[in-house]
$ cat my_file33.cif   # mmCIF, C-alpha atoms
data_query
loop_
_atom_site.group_PDB
_atom_site.id
_atom_site.type_symbol
_atom_site.label_atom_id
_atom_site.label_comp_id
_atom_site.auth_asym_id
_atom_site.auth_seq_id
_atom_site.Cartn_x
_atom_site.Cartn_y
_atom_site.Cartn_z
ATOM 1 C CA GLY E 9 -17.575 -5.813 -1.796
ATOM 2 C CA ASN E 10 -13.929 -6.497 -1.033
ATOM 3 C CA SER E 11 -12.461 -5.529 2.311
ATOM 4 C CA VAL E 12 -9.705 -6.339 4.771
ATOM 5 C CA THR E 13 -9.973 -6.131 8.531
ATOM 6 C CA GLN E 14 -6.908 -6.336 10.726
ATOM 7 C CA MET E 15 -6.404 -6.002 14.423
ATOM 8 C CA GLU E 16 -5.862 -2.545 15.756
ATOM 9 C CA GLY E 17 -2.585 -1.595 17.278
ATOM 10 C CA PRO E 18 -0.333 -0.646 18.636
ATOM 11 C CA VAL E 19 1.022 -4.003 19.626
ATOM 12 C CA THR E 20 3.891 -3.824 22.103
ATOM 13 C CA LEU E 21 5.994 -6.918 22.762
ATOM 14 C CA SER E 22 9.254 -7.780 24.416
ATOM 15 C CA GLU E 23 12.066 -9.121 22.304
ATOM 16 C CA GLU E 24 11.745 -12.883 21.602
ATOM 17 C CA ALA E 25 8.000 -12.871 22.253
ATOM 18 C CA PHE E 26 5.552 -14.614 19.940
ATOM 19 C CA LEU E 27 3.669 -12.386 17.503
ATOM 20 C CA THR E 28 0.227 -12.768 15.977
ATOM 21 C CA ILE E 29 -1.459 -10.042 13.964
ATOM 22 C CA ASN E 30 -4.947 -11.036 12.896
ATOM 23 C CA CYS E 31 -6.291 -10.355 9.403
ATOM 24 C CA THR E 32 -9.621 -11.371 7.916
ATOM 25 C CA TYR E 33 -10.992 -10.546 4.510
ATOM 26 C CA THR E 34 -14.150 -10.360 2.448
ATOM 27 C CA ALA E 35 -13.769 -10.866 -1.273
ATOM 28 C CA THR E 36 -15.524 -11.991 -4.413
ATOM 29 C CA GLY E 37 -13.766 -14.852 -6.101
ATOM 30 C CA TYR E 38 -10.424 -16.120 -4.895
ATOM 31 C CA PRO E 39 -8.096 -13.298 -3.933
ATOM 32 C CA SER E 40 -4.349 -13.298 -3.493
ATOM 33 C CA LEU E 41 -3.341 -12.227 -0.005
ATOM 34 C CA PHE E 42 -0.371 -10.178 1.089
ATOM 35 C CA TRP E 43 1.391 -8.766 4.087
ATOM 36 C CA TYR E 44 3.267 -5.520 3.499
ATOM 37 C CA VAL E 45 5.576 -3.905 6.050
ATOM 38 C CA GLN E 46 6.503 -0.260 6.435
ATOM 39 C CA TYR E 47 9.631 0.398 8.471
ATOM 40 C CA PRO E 48 10.138 3.896 9.880
ATOM 41 C CA GLY E 49 11.033 6.326 7.116
ATOM 42 C CA GLU E 50 10.724 3.738 4.369
ATOM 43 C CA GLY E 51 8.184 2.735 1.742
ATOM 44 C CA LEU E 52 5.870 -0.254 1.805
ATOM 45 C CA GLN E 53 7.679 -3.533 1.198
ATOM 46 C CA LEU E 54 6.156 -6.884 0.402
ATOM 47 C CA LEU E 55 6.763 -9.216 3.337
ATOM 48 C CA LEU E 56 5.002 -12.353 2.109
ATOM 49 C CA LYS E 57 2.119 -13.509 -0.023
ATOM 50 C CA ALA E 58 -0.148 -16.463 -0.749
ATOM 51 C CA THR E 59 -2.122 -16.931 -3.921
ATOM 52 C CA LYS E 60 -4.462 -19.833 -3.121
ATOM 53 C CA ALA E 61 -6.141 -21.589 -0.247
ATOM 54 C CA ASP E 62 -3.848 -23.442 2.201
ATOM 55 C CA ASP E 63 -0.757 -21.755 0.781
ATOM 56 C CA LYS E 64 1.690 -20.589 3.408
ATOM 57 C CA GLY E 65 3.723 -17.487 2.743
ATOM 58 C CA SER E 66 6.938 -17.020 4.693
ATOM 59 C CA ASN E 67 9.831 -14.583 4.862
ATOM 60 C CA LYS E 68 12.276 -13.343 7.511
ATOM 61 C CA GLY E 69 10.777 -15.715 10.090
ATOM 62 C CA PHE E 70 7.244 -14.443 9.471
ATOM 63 C CA GLU E 71 4.505 -16.803 8.282
ATOM 64 C CA ALA E 72 0.890 -16.557 7.238
ATOM 65 C CA THR E 73 -1.460 -19.270 5.974
ATOM 66 C CA TYR E 74 -4.316 -18.595 3.552
ATOM 67 C CA ARG E 75 -7.399 -20.010 5.305
ATOM 68 C CA LYS E 76 -10.380 -19.975 2.983
ATOM 69 C CA GLU E 77 -12.752 -21.553 5.502
ATOM 70 C CA THR E 78 -12.181 -18.767 8.014
ATOM 71 C CA THR E 79 -11.303 -16.083 5.413
ATOM 72 C CA SER E 80 -8.172 -15.290 7.365
ATOM 73 C CA PHE E 81 -4.484 -14.625 6.782
ATOM 74 C CA HIS E 82 -3.003 -14.113 10.223
ATOM 75 C CA LEU E 83 0.652 -13.057 10.475
ATOM 76 C CA GLU E 84 2.860 -14.922 12.963
ATOM 77 C CA LYS E 85 6.463 -14.887 14.096
ATOM 78 C CA GLY E 86 7.892 -17.096 16.771
ATOM 79 C CA SER E 87 10.451 -14.686 18.191
ATOM 80 C CA VAL E 88 10.315 -10.989 17.380
ATOM 81 C CA GLN E 89 13.289 -8.653 17.338
ATOM 82 C CA VAL E 90 13.576 -4.947 17.951
ATOM 83 C CA SER E 91 14.249 -4.542 14.224
ATOM 84 C CA ASP E 92 10.740 -5.895 13.492
ATOM 85 C CA SER E 93 9.226 -2.692 14.841
ATOM 86 C CA ALA E 94 7.159 -1.343 11.953
ATOM 87 C CA VAL E 95 3.622 -0.986 10.635
ATOM 88 C CA TYR E 96 2.197 -4.139 9.071
ATOM 89 C CA PHE E 97 -0.540 -4.041 6.409
ATOM 90 C CA CYS E 98 -2.671 -6.938 5.289
ATOM 91 C CA ALA E 99 -3.916 -6.640 1.716
ATOM 92 C CA LEU E 100 -5.745 -8.543 -0.989
ATOM 93 C CA SER E 101 -6.019 -8.404 -4.733
ATOM 94 C CA VAL E 102 -8.803 -10.090 -6.614
ATOM 95 C CA PRO E 103 -7.815 -12.044 -9.740
ATOM 96 C CA GLY E 104 -8.489 -10.085 -12.879
ATOM 97 C CA THR E 105 -8.018 -6.780 -11.085
ATOM 98 C CA TYR E 106 -4.898 -4.897 -10.197
ATOM 99 C CA LYS E 107 -6.082 -3.042 -7.164
ATOM 100 C CA TYR E 108 -4.827 -3.823 -3.723
ATOM 101 C CA ILE E 109 -7.319 -3.496 -0.903
ATOM 102 C CA PHE E 110 -5.424 -2.712 2.283
ATOM 103 C CA GLY E 111 -6.286 -3.013 5.923
ATOM 104 C CA THR E 112 -5.735 -0.079 8.233
ATOM 105 C CA GLY E 113 -2.333 -1.307 9.413
ATOM 106 C CA THR E 114 -1.051 -2.553 12.765
ATOM 107 C CA ARG E 115 1.848 -0.840 14.452
ATOM 108 C CA LEU E 116 4.259 -3.223 16.173
ATOM 109 C CA LYS E 117 6.737 -2.014 18.764
ATOM 110 C CA VAL E 118 9.299 -4.461 20.093
ATOM 111 C CA LEU E 119 11.136 -3.536 23.262
ATOM 112 C CA ALA E 120 14.645 -4.751 24.074
ATOM 113 C CA GLY B 14 16.437 3.189 -11.194
ATOM 114 C CA ALA B 15 16.901 0.925 -8.229
ATOM 115 C CA GLY B 16 13.433 1.573 -6.857
ATOM 116 C CA VAL B 17 10.349 3.701 -7.250
ATOM 117 C CA SER B 18 11.267 7.331 -6.707
ATOM 118 C CA GLN B 19 8.760 9.979 -5.664
ATOM 119 C CA THR B 20 9.372 13.704 -5.504
ATOM 120 C CA PRO B 21 9.029 15.815 -3.541
ATOM 121 C CA SER B 22 9.094 13.817 -0.323
ATOM 122 C CA ASN B 23 7.179 16.587 1.422
ATOM 123 C CA LYS B 24 4.981 19.333 0.036
ATOM 124 C CA VAL B 25 3.224 22.068 1.955
ATOM 125 C CA THR B 26 0.789 24.171 -0.003
ATOM 126 C CA GLU B 27 -1.916 26.684 0.670
ATOM 127 C CA LYS B 28 -5.568 25.879 0.230
ATOM 128 C CA GLY B 29 -6.658 26.569 -3.323
ATOM 129 C CA LYS B 30 -3.238 26.106 -4.896
ATOM 130 C CA TYR B 31 -2.260 23.638 -7.610
ATOM 131 C CA VAL B 32 0.264 20.860 -6.921
ATOM 132 C CA GLU B 33 2.065 18.226 -8.946
ATOM 133 C CA LEU B 34 3.503 15.038 -7.490
ATOM 134 C CA ARG B 35 5.992 13.041 -9.494
ATOM 135 C CA CYS B 36 6.621 9.310 -9.662
ATOM 136 C CA ASP B 37 9.565 7.659 -11.384
ATOM 137 C CA PRO B 38 8.865 3.901 -11.550
ATOM 138 C CA ILE B 39 11.301 1.038 -11.768
ATOM 139 C CA SER B 40 12.767 0.913 -15.245
ATOM 140 C CA GLY B 41 10.821 -1.382 -17.538
ATOM 141 C CA HIS B 42 7.729 -1.613 -15.343
ATOM 142 C CA THR B 43 4.660 -1.114 -17.498
ATOM 143 C CA ALA B 44 2.110 -0.958 -14.700
ATOM 144 C CA LEU B 45 1.959 2.092 -12.427
ATOM 145 C CA TYR B 46 -0.400 2.804 -9.561
ATOM 146 C CA TRP B 47 -1.218 5.768 -7.357
ATOM 147 C CA TYR B 48 -2.595 5.293 -3.867
ATOM 148 C CA ARG B 49 -3.483 7.743 -1.118
ATOM 149 C CA GLN B 50 -2.862 7.022 2.549
ATOM 150 C CA SER B 51 -4.578 9.151 5.155
ATOM 151 C CA LEU B 52 -3.371 9.205 8.745
ATOM 152 C CA GLY B 53 -4.126 5.938 10.517
ATOM 153 C CA GLN B 54 -5.499 4.290 7.395
ATOM 154 C CA GLY B 55 -4.272 1.869 4.806
ATOM 155 C CA PRO B 56 -3.495 3.000 1.273
ATOM 156 C CA GLU B 57 -6.514 3.571 -0.977
ATOM 157 C CA PHE B 58 -6.404 3.066 -4.733
ATOM 158 C CA LEU B 59 -6.580 6.154 -6.919
ATOM 159 C CA ILE B 60 -5.569 5.273 -10.485
ATOM 160 C CA TYR B 61 -3.801 2.602 -12.525
ATOM 161 C CA PHE B 62 -1.776 3.000 -15.725
ATOM 162 C CA GLN B 63 -0.827 0.292 -18.154
ATOM 163 C CA GLY B 64 1.745 1.924 -20.382
ATOM 164 C CA THR B 65 0.664 5.448 -21.260
ATOM 165 C CA GLY B 66 -3.054 5.010 -20.729
ATOM 166 C CA ALA B 67 -5.061 5.249 -17.542
ATOM 167 C CA ALA B 68 -6.732 1.844 -17.479
ATOM 168 C CA ASP B 69 -8.729 2.629 -14.354
ATOM 169 C CA ASP B 70 -9.177 6.009 -12.685
ATOM 170 C CA SER B 71 -12.173 5.000 -10.610
ATOM 171 C CA GLY B 72 -10.410 5.807 -7.345
ATOM 172 C CA LEU B 73 -9.836 9.483 -8.082
ATOM 173 C CA PRO B 74 -12.044 11.296 -5.563
ATOM 174 C CA ASN B 75 -13.228 14.106 -7.870
ATOM 175 C CA ASP B 76 -12.322 16.065 -10.981
ATOM 176 C CA ARG B 77 -9.724 18.137 -9.150
ATOM 177 C CA PHE B 78 -7.450 15.107 -9.360
ATOM 178 C CA PHE B 79 -5.783 14.106 -12.598
ATOM 179 C CA ALA B 80 -2.779 11.963 -13.501
ATOM 180 C CA VAL B 81 -0.716 11.505 -16.644
ATOM 181 C CA ARG B 82 1.989 9.191 -17.879
ATOM 182 C CA PRO B 83 2.783 10.571 -21.336
ATOM 183 C CA GLU B 84 5.736 8.353 -22.241
ATOM 184 C CA GLY B 85 4.817 5.265 -20.295
ATOM 185 C CA SER B 86 7.408 5.856 -17.612
ATOM 186 C CA VAL B 87 7.282 8.878 -15.289
ATOM 187 C CA SER B 88 3.848 9.791 -13.976
ATOM 188 C CA THR B 89 2.553 13.022 -12.498
ATOM 189 C CA LEU B 90 -0.428 13.286 -10.179
ATOM 190 C CA LYS B 91 -1.993 16.733 -10.406
ATOM 191 C CA ILE B 92 -4.323 18.264 -7.854
ATOM 192 C CA GLN B 93 -6.143 21.511 -8.580
ATOM 193 C CA ARG B 94 -7.671 23.888 -6.030
ATOM 194 C CA THR B 95 -6.275 21.887 -3.138
ATOM 195 C CA GLU B 96 -8.368 21.464 -0.017
ATOM 196 C CA ARG B 97 -7.297 20.663 3.534
ATOM 197 C CA GLY B 98 -8.918 17.246 3.154
ATOM 198 C CA ASP B 99 -6.407 16.421 0.427
ATOM 199 C CA SER B 100 -3.665 16.256 3.061
ATOM 200 C CA ALA B 101 -2.276 12.712 3.008
ATOM 201 C CA VAL B 102 0.663 10.615 1.863
ATOM 202 C CA TYR B 103 0.450 9.895 -1.849
ATOM 203 C CA LEU B 104 2.060 6.591 -2.781
ATOM 204 C CA CYS B 105 3.179 5.421 -6.170
ATOM 205 C CA ALA B 106 3.868 1.796 -7.053
ATOM 206 C CA SER B 107 4.956 -0.036 -10.161
ATOM 207 C CA SER B 108 5.066 -3.624 -11.334
ATOM 208 C CA SER B 109 6.213 -5.525 -14.387
ATOM 209 C CA SER B 110 2.693 -6.872 -14.858
ATOM 210 C CA THR B 111 -0.581 -6.800 -12.993
ATOM 211 C CA VAL B 112 -0.065 -10.230 -11.524
ATOM 212 C CA THR B 113 3.327 -9.637 -9.980
ATOM 213 C CA GLU B 114 4.425 -7.829 -6.875
ATOM 214 C CA ALA B 115 3.982 -4.069 -6.803
ATOM 215 C CA PHE B 116 6.939 -2.063 -5.542
ATOM 216 C CA PHE B 117 6.095 1.099 -3.637
ATOM 217 C CA GLY B 118 7.902 4.398 -3.386
ATOM 218 C CA GLN B 119 8.367 6.211 -0.101
ATOM 219 C CA GLY B 120 5.530 8.550 -0.852
ATOM 220 C CA THR B 121 4.946 12.283 -0.959
ATOM 221 C CA ARG B 122 3.484 13.784 2.188
ATOM 222 C CA LEU B 123 1.119 16.554 1.095
ATOM 223 C CA THR B 124 -0.030 19.079 3.661
ATOM 224 C CA VAL B 125 -2.621 21.669 2.684
ATOM 225 C CA VAL B 126 -2.754 24.607 5.088
#
$ encode --input "my_file33.cif" --output "structure tokens"
Amino acid sequence: GNSVTQMEGPVTLSEEAFLTINCTYTATGYPSLFWYVQYPGEGLQLLLKATKADDKGSNKGFEATYRKETTSFHLEKGSVQVSDSAVYFCALSVPGTYKYIFGTGTRLKVLA
Amino acid sequence: GAGVSQTPSNKVTEKGKYVELRCDPISGHTALYWYRQSLGQGPEFLIYFQGTGAADDSGLPNDRFFAVRPEGSVSTLKIQRTERGDSAVYLCASSSSTVTEAFFGQGTRLTVV
């Protein structure tokens, strides 16, 4: 079946620290991969996506590379800010379907 | 509208009661999705509409749950004989097609007491 596993939180970092949130997946076929972010009091927002192997998605200083050989889509940012504090969800959708399969979410807290 | 709107934002109901949750998608979006997010979990798929019809309702947990989208725009998720285990955040999302980004609403937090 299809599933997403992401590292458990919470993750607490100081401002300007390097961030990695691990995400691995299991899927039939070749899924599209996504990172969604949920800021306090707001709805889920698409942060970045990649639709095929070796694609790199990027947005707001965040990056993630679609690694087919390791079935991973780790989220990275070189220098986090307090405003990055949120819950981050890794997700996949399998071509020909419309369902997102989400991970359990990772809460990030950035301290000034 | 500017985004996906869900009402109410919070709903507290007694066990056994009937509730309706409303979703107003982005104007022109033909695809609409309902997800359920329990505490500490990621969203789980419930049902998908393409236009007025439910193309896939395989995620609905049982026959107490039902959803409609009579005019291909606003959708209502209906829960009969609510149980405490139904307590969760119910998320609605819409997209212009199944292959493009889905935009999520802020959700309705349902608490069954």
$ resolve_selection --input "my_file33.cif" --expression "the PyMOL selection byres ((chain B) within 6 of (chain E))" --output "number ranges by chain"
B: 54-55, 111, 117-119
$ closest_residue --input "my_file33.cif" --among "E:Ser11, E:Ser22, E:Ser91, E:Ser66" --to "E:Trp43" --atoms "all atoms listed in the file"
E:Ser66
$ resolve_selection --input "my_file33.cif" --expression "the PyMOL selection byres ((chain B and resi 61-71) around 12)" --output "PyMOL selection string"
(chain E and resi 105-108) or (chain B and resi 38+41-48+57-60+72-76+78-90+105-111+115)
$ resolve_selection --input "my_file33.cif" --expression "the PyMOL selection byres ((chain E and resi 64) around 12)" --output "ChimeraX atom specification"
/E:40-43,56-63,65-67,70-75,80-84
$ closest_residue --input "my_file33.cif" --among "B:Gly53, B:Gly120, B:Gly98, B:Lys91" --to "E:Glu16" --atoms "all atoms listed in the file"
B:Gly53
$ atom_distance --input "my_file33.cif" --atom1 "atom CA of E:Glu24" --atom2 "atom CA of E:Tyr44"
21.3 Å
$ residues_around --input "my_file33.cif" --residues "B:Ser22" --least-positions-apart "4" --cutoff "10 Å" --atoms "all atoms listed in the file" --output "PyMOL selection string"
chain B and resi 18+34-35+102-103+118-123
$ build_atoms --input "my_file33.cif" --residues "stretch 27-38 of chain B" --atoms "all heavy atoms" --output "compact mmCIF listing (two decimals), in the coordinates of the input"
# COMPACT_ATOMS: atom_id res chain seq x y z
N GLU B 27 -0.76 25.98 0.13
CA GLU B 27 -1.92 26.68 0.67
C GLU B 27 -3.19 26.20 0.00
O GLU B 27 -3.19 25.83 -1.18
CB GLU B 27 -1.75 28.19 0.45
CG GLU B 27 -0.63 28.80 1.25
CD GLU B 27 -0.53 30.29 1.02
OE1 GLU B 27 -1.15 30.80 0.07
OE2 GLU B 27 0.20 30.96 1.80
N LYS B 28 -4.25 26.25 0.74
CA LYS B 28 -5.57 25.88 0.23
C LYS B 28 -5.85 26.66 -1.04
O LYS B 28 -5.62 27.87 -1.11
CB LYS B 28 -6.61 26.18 1.30
CG LYS B 28 -8.05 25.87 0.93
CD LYS B 28 -8.94 26.10 2.14
CE LYS B 28 -10.40 25.89 1.81
NZ LYS B 28 -10.92 26.86 0.83
N GLY B 29 -6.32 25.93 -2.06
CA GLY B 29 -6.66 26.57 -3.32
C GLY B 29 -5.56 26.51 -4.36
O GLY B 29 -5.81 26.79 -5.55
N LYS B 30 -4.35 26.16 -3.96
CA LYS B 30 -3.24 26.11 -4.90
C LYS B 30 -3.24 24.80 -5.69
O LYS B 30 -3.91 23.82 -5.32
CB LYS B 30 -1.90 26.23 -4.15
CG LYS B 30 -1.73 27.55 -3.42
CD LYS B 30 -1.53 28.70 -4.36
CE LYS B 30 -1.14 29.95 -3.59
NZ LYS B 30 -1.01 31.13 -4.48
N TYR B 31 -2.43 24.80 -6.74
CA TYR B 31 -2.26 23.64 -7.61
C TYR B 31 -0.95 22.94 -7.25
O TYR B 31 0.06 23.60 -6.98
CB TYR B 31 -2.23 24.12 -9.06
CG TYR B 31 -1.78 23.13 -10.09
CD1 TYR B 31 -2.67 22.20 -10.63
CD2 TYR B 31 -0.46 23.11 -10.54
CE1 TYR B 31 -2.28 21.30 -11.59
CE2 TYR B 31 -0.05 22.21 -11.52
CZ TYR B 31 -0.97 21.31 -12.04
OH TYR B 31 -0.56 20.42 -13.00
N VAL B 32 -0.96 21.60 -7.21
CA VAL B 32 0.26 20.86 -6.92
C VAL B 32 0.45 19.72 -7.91
O VAL B 32 -0.51 19.19 -8.46
CB VAL B 32 0.29 20.28 -5.49
CG1 VAL B 32 0.29 21.40 -4.46
CG2 VAL B 32 -0.84 19.31 -5.26
N GLU B 33 1.71 19.39 -8.12
CA GLU B 33 2.06 18.23 -8.95
C GLU B 33 2.99 17.33 -8.14
O GLU B 33 3.95 17.79 -7.54
CB GLU B 33 2.78 18.67 -10.22
CG GLU B 33 1.92 19.39 -11.21
CD GLU B 33 2.62 19.60 -12.55
OE1 GLU B 33 3.85 19.37 -12.62
OE2 GLU B 33 1.96 20.02 -13.51
N LEU B 34 2.70 16.04 -8.18
CA LEU B 34 3.50 15.04 -7.49
C LEU B 34 4.05 14.09 -8.55
O LEU B 34 3.30 13.61 -9.40
CB LEU B 34 2.65 14.27 -6.47
CG LEU B 34 1.77 15.11 -5.54
CD1 LEU B 34 0.99 14.20 -4.60
CD2 LEU B 34 2.60 16.09 -4.75
N ARG B 35 5.33 13.81 -8.45
CA ARG B 35 5.99 13.04 -9.49
C ARG B 35 6.36 11.64 -9.03
O ARG B 35 6.74 11.45 -7.86
CB ARG B 35 7.27 13.77 -9.93
CG ARG B 35 8.12 13.04 -10.97
CD ARG B 35 9.44 13.73 -11.19
NE ARG B 35 10.38 12.92 -11.95
CZ ARG B 35 10.70 13.14 -13.22
NH1 ARG B 35 10.16 14.15 -13.88
NH2 ARG B 35 11.57 12.35 -13.84
N CYS B 36 6.24 10.69 -9.94
CA CYS B 36 6.62 9.31 -9.66
C CYS B 36 7.50 8.78 -10.80
O CYS B 36 7.11 8.85 -11.97
CB CYS B 36 5.39 8.41 -9.53
SG CYS B 36 5.78 6.65 -9.38
N ASP B 37 8.65 8.27 -10.43
CA ASP B 37 9.56 7.66 -11.38
C ASP B 37 9.61 6.16 -11.08
O ASP B 37 10.20 5.75 -10.07
CB ASP B 37 10.95 8.28 -11.22
CG ASP B 37 11.79 8.16 -12.46
OD1 ASP B 37 11.52 7.23 -13.26
OD2 ASP B 37 12.72 8.96 -12.65
N PRO B 38 8.98 5.33 -11.90
CA PRO B 38 8.86 3.90 -11.55
C PRO B 38 10.16 3.15 -11.82
O PRO B 38 11.12 3.70 -12.38
CB PRO B 38 7.76 3.42 -12.48
CG PRO B 38 7.93 4.28 -13.70
CD PRO B 38 8.33 5.63 -13.17
